[in-house]
>>> print(open('protein_39.csv').read())   # CSV, C-alpha atoms and all ligand atoms
chain,number,residue,atom,x,y,z
Z,1,MET,CA,-168.9,-98.8,-32.0
Z,2,TYR,CA,-171.0,-98.5,-28.8
Z,3,THR,CA,-174.6,-98.8,-30.0
Z,4,PHE,CA,-177.5,-100.5,-28.2
Z,5,ARG,CA,-177.9,-102.7,-31.2
Z,6,GLU,CA,-174.6,-104.3,-30.4
Z,7,ILE,CA,-175.7,-105.3,-27.0
Z,8,TRP,CA,-177.2,-108.8,-26.7
Z,9,GLY,CA,-179.9,-109.6,-24.1
Z,10,ASN,CA,-180.8,-107.2,-21.3
Z,11,GLY,CA,-183.6,-105.7,-23.4
Z,12,ARG,CA,-185.6,-104.3,-20.4
Z,13,LEU,CA,-182.6,-102.5,-19.0
Z,14,ILE,CA,-181.8,-100.9,-22.4
Z,15,ARG,CA,-185.4,-99.9,-22.9
Z,16,HIS,CA,-185.3,-98.3,-19.5
Z,17,LEU,CA,-182.1,-96.3,-20.3
Z,18,ARG,CA,-183.4,-95.2,-23.7
Z,19,SER,CA,-186.7,-93.9,-22.4
Z,20,ALA,CA,-185.0,-92.1,-19.5
Z,21,VAL,CA,-182.9,-90.1,-21.9
Z,22,GLN,CA,-185.7,-89.5,-24.4
Z,23,ASN,CA,-188.1,-88.3,-21.7
Z,24,ASN,CA,-185.4,-86.2,-20.0
Z,25,ARG,CA,-185.8,-88.2,-16.9
Z,26,THR,CA,-182.3,-89.5,-16.3
Z,27,SER,CA,-181.0,-89.9,-12.8
Z,28,HIS,CA,-177.7,-88.4,-11.5
Z,29,ALA,CA,-176.3,-91.7,-10.5
Z,30,TYR,CA,-176.6,-95.2,-11.8
Z,31,LEU,CA,-175.1,-98.4,-10.3
Z,32,PHE,CA,-174.7,-101.1,-12.9
Z,33,ILE,CA,-174.3,-104.5,-11.2
Z,34,GLY,CA,-172.9,-107.5,-13.1
Z,35,GLY,CA,-170.2,-110.2,-12.9
Z,36,ALA,CA,-166.9,-110.0,-14.7
Z,37,GLY,CA,-167.5,-110.3,-18.5
Z,38,ALA,CA,-171.2,-109.7,-18.2
Z,39,GLY,CA,-171.1,-106.5,-20.4
Z,40,LYS,CA,-170.9,-103.7,-17.8
Z,41,LYS,CA,-168.4,-101.7,-19.8
Z,42,LEU,CA,-170.2,-102.0,-23.1
Z,43,ILE,CA,-173.6,-101.0,-21.6
Z,44,THR,CA,-172.2,-98.1,-19.6
Z,45,ASN,CA,-170.1,-96.8,-22.5
Z,46,THR,CA,-173.1,-96.9,-24.8
Z,47,PHE,CA,-175.3,-95.2,-22.2
Z,48,ALA,CA,-172.7,-92.5,-21.7
Z,49,LYS,CA,-172.3,-91.9,-25.4
Z,50,TYR,CA,-176.1,-91.8,-25.7
Z,51,LEU,CA,-176.4,-89.3,-22.9
Z,52,LEU,CA,-174.0,-86.9,-24.6
Z,53,CYS,CA,-175.2,-87.4,-28.2
Z,54,SER,CA,-176.6,-84.3,-29.8
Z,55,ASN,CA,-179.2,-86.1,-31.8
Z,56,ARG,CA,-182.0,-87.8,-29.9
Z,57,GLY,CA,-182.7,-91.0,-31.8
Z,58,ASP,CA,-183.0,-94.5,-30.5
Z,59,GLU,CA,-179.3,-95.0,-30.6
Z,60,PRO,CA,-176.2,-92.8,-30.1
Z,61,CYS,CA,-176.1,-91.4,-33.6
Z,62,GLY,CA,-172.4,-92.0,-34.3
Z,63,VAL,CA,-172.0,-89.0,-36.5
Z,64,CYS,CA,-172.4,-85.9,-34.3
Z,65,GLU,CA,-169.3,-84.4,-32.9
Z,66,SER,CA,-169.8,-85.8,-29.4
Z,67,CYS,CA,-170.3,-89.3,-30.7
Z,68,ARG,CA,-167.2,-89.1,-32.9
Z,69,VAL,CA,-165.1,-87.8,-30.1
Z,70,PHE,CA,-166.5,-90.4,-27.8
Z,71,ASP,CA,-165.5,-93.2,-30.1
Z,72,SER,CA,-162.0,-91.8,-30.3
Z,73,GLY,CA,-161.7,-92.3,-26.6
Z,74,ASN,CA,-160.9,-88.7,-25.7
Z,75,HIS,CA,-164.3,-87.2,-24.9
Z,76,PRO,CA,-163.5,-84.1,-22.7
Z,77,ASP,CA,-166.7,-84.5,-20.7
Z,78,VAL,CA,-166.3,-88.2,-19.9
Z,79,ILE,CA,-164.1,-89.0,-16.9
Z,80,HIS,CA,-163.0,-92.5,-16.2
Z,81,VAL,CA,-162.4,-92.8,-12.5
Z,82,THR,CA,-159.9,-95.6,-11.8
Z,83,SER,CA,-157.3,-96.6,-9.2
Z,84,PRO,CA,-153.8,-98.0,-9.5
Z,85,LYS,CA,-154.5,-99.9,-6.3
Z,86,LYS,CA,-156.8,-102.7,-5.5
Z,87,THR,CA,-159.3,-100.3,-4.0
Z,88,LEU,CA,-160.8,-97.1,-5.1
Z,89,GLY,CA,-159.8,-94.8,-2.3
Z,90,VAL,CA,-160.6,-91.4,-1.0
Z,91,ASP,CA,-157.6,-89.9,-2.9
Z,92,GLU,CA,-159.0,-91.0,-6.2
Z,93,ILE,CA,-162.5,-89.7,-5.4
Z,94,ARG,CA,-161.1,-86.4,-4.3
Z,95,GLY,CA,-158.6,-86.0,-7.2
Z,96,GLN,CA,-160.7,-87.4,-10.0
Z,97,ILE,CA,-164.2,-86.3,-9.0
Z,98,LEU,CA,-164.5,-83.7,-6.2
Z,99,GLU,CA,-161.8,-81.4,-7.6
Z,100,THR,CA,-163.4,-81.4,-11.1
Z,101,VAL,CA,-167.1,-81.8,-10.6
Z,102,ASP,CA,-167.8,-78.1,-10.2
Z,103,VAL,CA,-166.1,-77.3,-13.5
Z,104,LYS,CA,-168.9,-77.1,-16.1
Z,105,PRO,CA,-168.8,-79.5,-19.1
Z,106,TYR,CA,-166.5,-78.2,-21.8
Z,107,HIS,CA,-168.7,-78.6,-24.8
Z,108,TYR,CA,-171.7,-80.6,-24.0
Z,109,GLU,CA,-174.7,-80.5,-21.7
Z,110,LYS,CA,-173.6,-83.2,-19.4
Z,111,LYS,CA,-170.4,-84.4,-17.7
Z,112,VAL,CA,-170.3,-88.1,-17.2
Z,113,TYR,CA,-168.1,-89.8,-14.5
Z,114,ILE,CA,-167.6,-93.6,-15.0
Z,115,LEU,CA,-166.4,-95.3,-11.9
Z,116,HIS,CA,-164.8,-98.6,-12.7
Z,117,ALA,CA,-164.7,-101.3,-10.1
Z,118,ALA,CA,-166.9,-99.1,-7.8
Z,119,HIS,CA,-167.4,-102.1,-5.5
Z,120,THR,CA,-163.8,-101.6,-4.4
Z,121,MET,CA,-164.5,-98.1,-3.0
Z,122,THR,CA,-163.4,-97.8,0.6
Z,123,VAL,CA,-165.9,-96.6,3.2
Z,124,GLN,CA,-164.0,-93.3,3.4
Z,125,ALA,CA,-164.2,-92.9,-0.4
Z,126,GLN,CA,-167.9,-93.6,-0.4
Z,127,ASN,CA,-168.5,-91.1,2.3
Z,128,ALA,CA,-166.4,-88.5,0.4
Z,129,LEU,CA,-168.6,-89.1,-2.7
Z,130,LEU,CA,-171.8,-89.1,-0.8
Z,131,LYS,CA,-172.2,-85.3,-0.6
Z,132,THR,CA,-171.8,-84.9,-4.3
Z,133,LEU,CA,-174.3,-87.7,-4.9
Z,134,GLU,CA,-176.7,-85.9,-2.7
Z,135,GLU,CA,-176.4,-82.5,-4.3
Z,136,PRO,CA,-174.9,-83.0,-7.8
Z,137,PRO,CA,-174.5,-80.2,-10.2
Z,138,ALA,CA,-177.3,-80.3,-12.8
Z,139,TYR,CA,-175.0,-81.5,-15.5
Z,140,ALA,CA,-173.3,-84.3,-13.7
Z,141,VAL,CA,-174.0,-88.0,-14.1
Z,142,PHE,CA,-172.3,-90.8,-12.3
Z,143,LEU,CA,-172.1,-94.3,-13.7
Z,144,LEU,CA,-170.9,-96.8,-11.2
Z,145,LEU,CA,-169.8,-100.3,-12.4
Z,146,ALA,CA,-169.7,-103.0,-9.7
Z,147,GLU,CA,-169.8,-106.7,-9.3
Z,148,THR,CA,-172.0,-106.7,-6.3
Z,149,THR,CA,-174.1,-104.2,-4.2
Z,150,GLU,CA,-172.9,-105.8,-0.9
Z,151,LEU,CA,-170.0,-103.4,-0.1
Z,152,PHE,CA,-171.9,-100.2,-0.6
Z,153,LEU,CA,-173.1,-98.0,2.2
Z,154,PRO,CA,-176.9,-97.9,2.3
Z,155,THR,CA,-176.7,-94.1,2.0
Z,156,VAL,CA,-174.8,-94.5,-1.3
Z,157,LEU,CA,-177.3,-97.1,-2.6
Z,158,SER,CA,-180.2,-94.9,-1.8
Z,159,ARG,CA,-178.8,-92.1,-4.0
Z,160,THR,CA,-178.3,-94.4,-7.1
Z,161,VAL,CA,-180.6,-96.2,-9.5
Z,162,THR,CA,-179.4,-99.8,-9.3
Z,163,LEU,CA,-179.6,-101.8,-12.5
Z,164,LYS,CA,-178.7,-105.4,-12.8
Z,165,ILE,CA,-177.0,-106.7,-15.9
Z,166,ASN,CA,-178.0,-110.2,-16.5
Z,167,PRO,CA,-175.8,-112.8,-18.2
Z,168,LEU,CA,-177.2,-114.2,-21.4
Z,169,THR,CA,-178.8,-117.6,-21.4
Z,170,GLU,CA,-176.6,-120.3,-22.8
Z,171,GLY,CA,-178.8,-120.4,-25.9
Z,172,GLU,CA,-178.4,-116.6,-26.4
Z,173,LEU,CA,-174.7,-116.6,-26.0
Z,174,CYS,CA,-174.4,-119.6,-28.4
Z,175,ARG,CA,-176.4,-117.7,-31.0
Z,176,TYR,CA,-174.2,-114.6,-30.5
Z,177,LEU,CA,-171.0,-116.6,-31.1
Z,178,VAL,CA,-172.5,-118.2,-34.2
Z,179,GLU,CA,-174.0,-115.1,-35.7
Z,180,LYS,CA,-170.9,-113.1,-35.1
Z,181,ASP,CA,-169.1,-115.7,-37.0
Z,182,PHE,CA,-166.8,-116.7,-34.2
Z,183,MET,CA,-167.4,-120.4,-34.7
Z,184,ALA,CA,-169.6,-123.2,-35.8
Z,185,GLU,CA,-172.7,-124.0,-33.7
Z,186,GLU,CA,-171.4,-127.2,-32.2
Z,187,GLU,CA,-168.2,-125.6,-30.8
Z,188,ALA,CA,-170.1,-122.5,-29.8
Z,189,ALA,CA,-172.2,-124.6,-27.5
Z,190,PHE,CA,-169.2,-125.5,-25.5
Z,191,PHE,CA,-167.9,-122.0,-25.2
Z,192,ALA,CA,-171.3,-120.7,-24.3
Z,193,ALA,CA,-171.7,-123.2,-21.5
Z,194,TYR,CA,-168.2,-122.7,-20.3
Z,195,GLY,CA,-168.6,-118.9,-20.5
Z,196,GLN,CA,-171.7,-119.1,-18.2
Z,197,GLY,CA,-173.6,-116.5,-20.2
Z,198,ARG,CA,-170.9,-113.9,-20.1
Z,199,ILE,CA,-169.9,-112.7,-23.5
Z,200,GLY,CA,-166.6,-111.3,-22.2
Z,201,HIS,CA,-165.6,-114.7,-20.7
Z,202,ALA,CA,-166.5,-116.6,-23.8
Z,203,LEU,CA,-164.6,-114.3,-26.1
Z,204,ALA,CA,-161.6,-114.3,-23.8
Z,205,LEU,CA,-161.6,-118.1,-23.9
Z,206,LEU,CA,-161.9,-118.0,-27.7
Z,207,GLU,CA,-158.9,-115.9,-28.1
Z,208,ASP,CA,-157.0,-118.0,-25.6
Z,209,GLU,CA,-155.0,-120.4,-27.9
Z,210,ALA,CA,-153.5,-122.1,-24.9
Z,211,PHE,CA,-156.9,-123.0,-23.6
Z,212,ARG,CA,-158.1,-124.4,-26.9
Z,213,ARG,CA,-154.9,-126.5,-27.3
Z,214,MET,CA,-155.2,-127.7,-23.7
Z,215,ARG,CA,-158.8,-128.7,-24.3
Z,216,GLU,CA,-158.1,-130.6,-27.5
Z,217,ASP,CA,-155.2,-132.4,-25.9
Z,218,VAL,CA,-157.0,-133.3,-22.7
Z,219,LEU,CA,-160.1,-134.5,-24.4
Z,220,LEU,CA,-158.2,-136.7,-26.8
Z,221,LYS,CA,-156.4,-138.3,-23.9
Z,222,MET,CA,-159.6,-138.8,-22.0
Z,223,SER,CA,-161.2,-140.6,-25.0
Z,224,LYS,CA,-158.2,-142.9,-25.0
Z,225,LEU,CA,-158.0,-143.4,-21.3
Z,226,PRO,CA,-160.1,-146.6,-21.2
Z,227,SER,CA,-157.7,-148.4,-23.6
Z,228,MET,CA,-154.5,-147.3,-21.8
Z,229,ARG,CA,-152.7,-149.5,-19.4
Z,230,LEU,CA,-152.6,-148.1,-15.8
Z,231,SER,CA,-148.9,-147.3,-16.1
Z,232,GLU,CA,-149.5,-145.3,-19.3
Z,233,ALA,CA,-152.5,-143.5,-17.7
Z,234,LEU,CA,-150.4,-142.5,-14.7
Z,235,LEU,CA,-147.9,-140.8,-17.0
Z,236,LEU,CA,-150.6,-138.3,-17.9
Z,237,ALA,CA,-150.0,-136.8,-14.4
Z,238,LYS,CA,-146.5,-135.9,-15.4
Z,239,GLU,CA,-147.4,-134.8,-18.9
Z,240,TRP,CA,-150.1,-132.4,-17.6
Z,241,GLU,CA,-147.8,-130.8,-15.1
Z,242,GLY,CA,-147.5,-128.0,-17.6
Z,243,PHE,CA,-151.1,-127.2,-16.8
Z,244,LYS,CA,-150.5,-127.3,-13.1
Z,245,ASN,CA,-151.5,-123.7,-12.5
Z,246,ASP,CA,-154.6,-123.8,-14.7
Z,247,PRO,CA,-157.7,-124.9,-12.8
Z,248,ARG,CA,-159.5,-125.3,-16.1
Z,249,LEU,CA,-157.7,-128.6,-16.7
Z,250,LEU,CA,-159.9,-130.4,-14.2
Z,251,ASP,CA,-163.0,-128.4,-15.3
Z,252,ILE,CA,-162.5,-129.9,-18.8
Z,253,ILE,CA,-162.1,-133.5,-17.4
Z,254,GLY,CA,-165.1,-132.9,-15.2
Z,255,LEU,CA,-167.2,-131.8,-18.2
Z,256,TRP,CA,-166.1,-134.8,-20.1
Z,257,TYR,CA,-167.7,-137.1,-17.5
Z,258,ARG,CA,-170.7,-134.9,-17.3
Z,259,ASP,CA,-171.3,-135.3,-21.0
Z,260,LEU,CA,-170.8,-139.1,-20.8
Z,261,MET,CA,-173.4,-139.2,-18.1
Z,262,ILE,CA,-175.8,-137.2,-20.2
Z,263,ILE,CA,-175.4,-139.6,-23.1
Z,264,LYS,CA,-176.0,-142.6,-20.8
Z,265,ALA,CA,-178.9,-141.1,-18.9
Z,266,VAL,CA,-180.9,-139.2,-21.5
Z,267,LYS,CA,-179.4,-140.1,-24.9
Z,268,ASP,CA,-180.1,-136.6,-26.2
Z,269,GLU,CA,-177.3,-134.7,-27.9
Z,270,ARG,CA,-179.0,-131.4,-27.3
Z,271,PHE,CA,-178.0,-131.4,-23.7
Z,272,LEU,CA,-174.3,-132.0,-24.3
Z,273,ILE,CA,-171.8,-129.2,-23.6
Z,274,GLN,CA,-169.1,-130.6,-25.8
Z,275,LYS,CA,-171.3,-131.1,-28.9
Z,276,ASP,CA,-168.3,-130.7,-31.1
Z,277,LYS,CA,-166.7,-133.8,-29.5
Z,278,LYS,CA,-169.8,-136.0,-29.7
Z,279,LYS,CA,-168.1,-138.6,-31.9
Z,280,MET,CA,-165.5,-139.1,-29.1
Z,281,LEU,CA,-168.0,-139.2,-26.3
Z,282,TYR,CA,-168.4,-142.9,-25.7
Z,283,SER,CA,-168.0,-145.0,-22.5
Z,284,ALA,CA,-168.7,-148.6,-21.7
Z,285,ASP,CA,-169.2,-147.7,-18.0
Z,286,SER,CA,-172.5,-147.7,-16.2
Z,287,LEU,CA,-174.1,-144.5,-15.1
Z,288,GLU,CA,-173.0,-145.3,-11.5
Z,289,GLY,CA,-169.5,-145.9,-12.7
Z,290,LEU,CA,-169.3,-142.6,-14.5
Z,291,ALA,CA,-170.8,-140.8,-11.4
Z,292,LYS,CA,-168.0,-142.2,-9.3
Z,293,LYS,CA,-165.4,-141.0,-11.8
Z,294,ALA,CA,-166.9,-137.5,-11.9
Z,295,ALA,CA,-166.7,-137.5,-8.1
Z,296,ALA,CA,-163.0,-138.5,-8.3
Z,297,VAL,CA,-162.4,-135.4,-10.5
Z,298,THR,CA,-164.3,-133.1,-8.1
Z,299,LYS,CA,-162.2,-134.6,-5.2
Z,300,ALA,CA,-159.0,-133.9,-7.0
Z,301,LYS,CA,-160.1,-130.3,-7.8
Z,302,GLU,CA,-160.8,-129.7,-4.0
Z,303,ARG,CA,-157.4,-131.2,-3.1
Z,304,LEU,CA,-155.6,-128.9,-5.6
Z,305,MET,CA,-157.5,-125.9,-4.2
Z,306,GLN,CA,-156.0,-126.8,-0.8
Z,307,ASN,CA,-152.6,-126.8,-2.4
Z,308,ALA,CA,-152.1,-130.5,-2.5
Z,309,ASN,CA,-149.2,-131.8,-4.6
Z,310,PHE,CA,-150.3,-131.6,-8.3
Z,311,ARG,CA,-148.6,-134.8,-9.6
Z,312,LEU,CA,-149.7,-136.9,-6.7
Z,313,THR,CA,-153.3,-135.7,-6.7
Z,314,LEU,CA,-153.6,-136.4,-10.4
Z,315,GLU,CA,-152.1,-139.9,-10.0
Z,316,VAL,CA,-154.6,-140.7,-7.4
Z,317,MET,CA,-157.4,-139.3,-9.6
Z,318,LEU,CA,-156.2,-141.3,-12.6
Z,319,MET,CA,-156.0,-144.5,-10.6
Z,320,GLU,CA,-159.6,-143.9,-9.5
Z,321,LEU,CA,-160.6,-143.3,-13.1
Z,322,LYS,CA,-159.0,-146.5,-14.2
Z,323,GLU,CA,-160.5,-148.5,-11.3
Z,324,ASN,CA,-163.1,-151.2,-12.1
Z,325,GLU,CA,-162.9,-150.2,-15.7
Z,326,ILE,CA,-165.0,-152.3,-18.1
Z,327,GLN,CA,-162.9,-153.0,-21.1
P,1,ZN,ZN,-174.4,-88.5,-31.7
>>> encode(input="protein_39.csv", output="structure tokens", more="lines below")
Ligand SMILES: [Zn+2]
Amino acid sequence: MYTFREIWGNGRLIRHLRSAVQNNRTSHAYLFIGGAGAGKKLITNTFAKYLLCSNRGDEPCGVCESCRVFDSGNHPDVIHVTSPKKTLGVDEIRGQILETVDVKPYHYEKKVYILHAAHTMTVQAQNALLKTLEEPPAYAVFLLLAETTELFLPTVLSRTVTLKINPLTEGELCRYLVEKDFMAEEEAAFFAAYGQGRIGHALALLEDEAFRRMREDVLLKMSKLPSMRLSEALLLAKEWEGFKNDPRLLDIIGLWYRDLMIIKAVKDERFLIQKDKKKMLYSADSLEGLAKKAAAVTKAKERLMQNANFRLTLEVMLMELKENEIQ
């Protein structure tokens, strides 16, 4: 649990953190920037555990008392700063940081504050934290997790070391899913592409049975669409009403046409997203015809985002998908 070995990608960032600790050159405040599911929690937790480890190897040792307590989730010198509200306000900063920061660590050399969703900190909260960031006690380390730097005061940014967590490439994420035995390579390619390089996203999708079932169902129907009568095709709008609130429905249909276009245009399976469905991926349409259909899906997606009626929007889309069909 929580070792650098477990972290995929972001090699430079990890080398930086490791050498800072080994050379006793850690900063008092770090700002980790990365999108949802990019691995912010895994990286900051590992770094916190490493900062507190009593053995100074290349990894948190996992056997010293600090590491063991850390893994239990009850480390006395690790404070997770969170908020019950949508923002991290001045009350949380006061109650969870300012009132405790002058108390020395219980057992260890450092006291680590992990600020979750730090990008939601209000201006007042940031100002309240600023003084502590300017003159922190020697033992204190602040790890701020955020999705973007945009909402931070320049004064706060100037007191923190900003480190960007990069999503994995599709290839890296695909390799991760296969090596961790989550799935066979062909299916992994889809989840990797759909997860956009974010392990957290890909894993959440994997565990999402409803998503997998929806995808199977929708792709099967899409493969049969050309042989359906228009009246049958329009019934899909009703049938899919159960997925009404799931924007991924149209993503899946959009990716279907994307892959059909790839096959038409470059005839190279390597570029397919839905490699596991390559046997189904066939269309008699021309490339232009497929492009029009992909555009119809995008249009439907936009309409739904503007709260258009689901059933009607899908019927219009299905009609466009059946238009000028080559049988
Ligand atoms: Zn240790």
>>> residues_near_ligand(input="protein_39.csv", ligand="ligand ZN 1 (chain P)", cutoff="7 Å", atoms="all atoms listed in the file", output="JSON, numbers by chain")
{"Z": [53, 54, 55, 60, 61, 62, 63, 64, 65, 66, 67]}
>>> residues_around(input="protein_39.csv", residues="stretch 239-251 of chain Z", least_positions_apart="3", cutoff="9 Å", atoms="all atoms listed in the file", output="PyMOL selection string")
chain Z and resi 211+214-215+218+235-236+254-256+297-298+300-301+304-305+310-311+314
>>> write_last_selection(input="protein_39.csv", atoms="C-alpha atoms", output="PDB file, keeping the file's coordinate frame")
ATOM      1  CA  PHE Z 211    -156.900-123.000 -23.600  1.00  0.00           C
ATOM      2  CA  MET Z 214    -155.200-127.700 -23.700  1.00  0.00           C
ATOM      3  CA  ARG Z 215    -158.800-128.700 -24.300  1.00  0.00           C
ATOM      4  CA  VAL Z 218    -157.000-133.300 -22.700  1.00  0.00           C
ATOM      5  CA  LEU Z 235    -147.900-140.800 -17.000  1.00  0.00           C
ATOM      6  CA  LEU Z 236    -150.600-138.300 -17.900  1.00  0.00           C
ATOM      7  CA  GLY Z 254    -165.100-132.900 -15.200  1.00  0.00           C
ATOM      8  CA  LEU Z 255    -167.200-131.800 -18.200  1.00  0.00           C
ATOM      9  CA  TRP Z 256    -166.100-134.800 -20.100  1.00  0.00           C
ATOM     10  CA  VAL Z 297    -162.400-135.400 -10.500  1.00  0.00           C
ATOM     11  CA  THR Z 298    -164.300-133.100  -8.100  1.00  0.00           C
ATOM     12  CA  ALA Z 300    -159.000-133.900  -7.000  1.00  0.00           C
ATOM     13  CA  LYS Z 301    -160.100-130.300  -7.800  1.00  0.00           C
ATOM     14  CA  LEU Z 304    -155.600-128.900  -5.600  1.00  0.00           C
ATOM     15  CA  MET Z 305    -157.500-125.900  -4.200  1.00  0.00           C
ATOM     16  CA  PHE Z 310    -150.300-131.600  -8.300  1.00  0.00           C
ATOM     17  CA  ARG Z 311    -148.600-134.800  -9.600  1.00  0.00           C
ATOM     18  CA  LEU Z 314    -153.600-136.400 -10.400  1.00  0.00           C
TER      19      LEU Z 314
END
>>> closest_residue(input="protein_39.csv", among="Z:Leu321, Z:Arg213, Z:Ser283, Z:Leu173", to="Z:Lys299", atoms="only C-alpha atoms")
Z:Leu321
>>> closest_residue(input="protein_39.csv", among="Z:Glu147, Z:Glu135, Z:Glu207, Z:Glu269", to="Z:Phe32", atoms="all atoms listed in the file")
Z:Glu147
>>> closest_residue(input="protein_39.csv", among="Z:Leu168, Z:Val178, Z:Met1, Z:Leu157", to="Z:Gly197", atoms="all atoms listed in the file")
Z:Leu168
>>> residues_around(input="protein_39.csv", residues="Z:Lys221", least_positions_apart="5", cutoff="10 Å", atoms="all atoms listed in the file", output="PyMOL selection string")
chain Z and resi 215-216+226+228+233+236+253
>>> closest_residue(input="protein_39.csv", among="Z:Ala118, Z:Ala291, Z:Val161, Z:Leu52", to="Z:Thr82", atoms="all atoms listed in the file")
Z:Ala118
>>> closest_atom_pairs(input="protein_39.csv", of="stretch 63-168 of chain Z", to="stretch 9-12 of chain Z", cutoff="10 Å", atoms="only C-alpha atoms", output="tab-separated table")
residue	atom	partner	partner_atom	distance
Z:Lys164	CA	Z:Asn10	CA	8.9
Z:Ile165	CA	Z:Asn10	CA	6.6
Z:Asn166	CA	Z:Asn10	CA	6.3
Z:Pro167	CA	Z:Gly9	CA	7.9
Z:Leu168	CA	Z:Gly9	CA	6.0
>>> residues_around(input="protein_39.csv", residues="Z:Ile93", least_positions_apart="3", cutoff="10 Å", atoms="all atoms listed in the file", output="number ranges by chain")
Z: 81-83, 88-90, 96-99, 115, 121, 124-129
>>> atom_distance(input="protein_39.csv", atom1="atom CA of Z:Lys49", atom2="atom CA of Z:Thr3")
8.6 Å
>>> closest_residue(input="protein_39.csv", among="Z:Arg56, Z:His119, Z:Arg159, Z:Lys180", to="Z:Glu6", atoms="all atoms listed in the file")
Z:Lys180
>>> closest_residue(input="protein_39.csv", among="Z:Arg270, Z:Lys322, Z:Arg68, Z:Arg212", to="Z:Gly289", atoms="all atoms listed in the file")
Z:Lys322
>>> build_atoms(input="protein_39.csv", residues="stretch 193-209 of chain Z", atoms="N, CA and C atoms", output="PDB file, in the frame of the given file")
ATOM      1  N   ALA Z 193    -171.473-122.589 -22.828  1.00  0.00           N
ATOM      2  CA  ALA Z 193    -171.700-123.200 -21.500  1.00  0.00           C
ATOM      3  C   ALA Z 193    -170.543-122.879 -20.596  1.00  0.00           C
ATOM      4  N   TYR Z 194    -169.345-122.901 -21.129  1.00  0.00           N
ATOM      5  CA  TYR Z 194    -168.200-122.700 -20.300  1.00  0.00           C
ATOM      6  C   TYR Z 194    -168.102-121.179 -19.889  1.00  0.00           C
ATOM      7  N   GLY Z 195    -168.600-120.296 -20.755  1.00  0.00           N
ATOM      8  CA  GLY Z 195    -168.600-118.900 -20.500  1.00  0.00           C
ATOM      9  C   GLY Z 195    -169.689-118.423 -19.523  1.00  0.00           C
ATOM     10  N   GLN Z 196    -170.590-119.354 -19.167  1.00  0.00           N
ATOM     11  CA  GLN Z 196    -171.700-119.100 -18.200  1.00  0.00           C
ATOM     12  C   GLN Z 196    -172.471-117.828 -18.573  1.00  0.00           C
ATOM     13  N   GLY Z 197    -172.752-117.658 -19.844  1.00  0.00           N
ATOM     14  CA  GLY Z 197    -173.600-116.500 -20.200  1.00  0.00           C
ATOM     15  C   GLY Z 197    -172.908-115.209 -20.300  1.00  0.00           C
ATOM     16  N   ARG Z 198    -171.602-115.197 -20.057  1.00  0.00           N
ATOM     17  CA  ARG Z 198    -170.900-113.900 -20.100  1.00  0.00           C
ATOM     18  C   ARG Z 198    -170.097-113.805 -21.370  1.00  0.00           C
ATOM     19  N   ILE Z 199    -170.503-112.882 -22.218  1.00  0.00           N
ATOM     20  CA  ILE Z 199    -169.900-112.700 -23.500  1.00  0.00           C
ATOM     21  C   ILE Z 199    -168.362-112.514 -23.354  1.00  0.00           C
ATOM     22  N   GLY Z 200    -168.009-111.635 -22.426  1.00  0.00           N
ATOM     23  CA  GLY Z 200    -166.600-111.300 -22.200  1.00  0.00           C
ATOM     24  C   GLY Z 200    -165.772-112.564 -21.917  1.00  0.00           C
ATOM     25  N   HIS Z 201    -166.324-113.434 -21.064  1.00  0.00           N
ATOM     26  CA  HIS Z 201    -165.600-114.700 -20.700  1.00  0.00           C
ATOM     27  C   HIS Z 201    -165.460-115.559 -21.940  1.00  0.00           C
ATOM     28  N   ALA Z 202    -166.571-115.744 -22.647  1.00  0.00           N
ATOM     29  CA  ALA Z 202    -166.500-116.600 -23.800  1.00  0.00           C
ATOM     30  C   ALA Z 202    -165.538-116.138 -24.831  1.00  0.00           C
ATOM     31  N   LEU Z 203    -165.533-114.823 -25.059  1.00  0.00           N
ATOM     32  CA  LEU Z 203    -164.600-114.300 -26.100  1.00  0.00           C
ATOM     33  C   LEU Z 203    -163.161-114.369 -25.615  1.00  0.00           C
ATOM     34  N   ALA Z 204    -162.932-114.176 -24.320  1.00  0.00           N
ATOM     35  CA  ALA Z 204    -161.600-114.300 -23.800  1.00  0.00           C
ATOM     36  C   ALA Z 204    -161.054-115.729 -24.022  1.00  0.00           C
ATOM     37  N   LEU Z 205    -161.943-116.684 -23.765  1.00  0.00           N
ATOM     38  CA  LEU Z 205    -161.600-118.100 -23.900  1.00  0.00           C
ATOM     39  C   LEU Z 205    -161.248-118.407 -25.390  1.00  0.00           C
ATOM     40  N   LEU Z 206    -162.092-117.809 -26.264  1.00  0.00           N
ATOM     41  CA  LEU Z 206    -161.900-118.000 -27.700  1.00  0.00           C
ATOM     42  C   LEU Z 206    -160.560-117.590 -28.182  1.00  0.00           C
ATOM     43  N   GLU Z 207    -160.130-116.454 -27.635  1.00  0.00           N
ATOM     44  CA  GLU Z 207    -158.900-115.900 -28.100  1.00  0.00           C
ATOM     45  C   GLU Z 207    -157.685-116.585 -27.377  1.00  0.00           C
ATOM     46  N   ASP Z 208    -158.032-117.401 -26.402  1.00  0.00           N
ATOM     47  CA  ASP Z 208    -157.000-118.000 -25.600  1.00  0.00           C
ATOM     48  C   ASP Z 208    -156.554-119.329 -26.304  1.00  0.00           C
ATOM     49  N   GLU Z 209    -155.542-119.198 -27.138  1.00  0.00           N
ATOM     50  CA  GLU Z 209    -155.000-120.400 -27.900  1.00  0.00           C
ATOM     51  C   GLU Z 209    -154.627-121.480 -26.958  1.00  0.00           C
TER      52      GLU Z 209
END
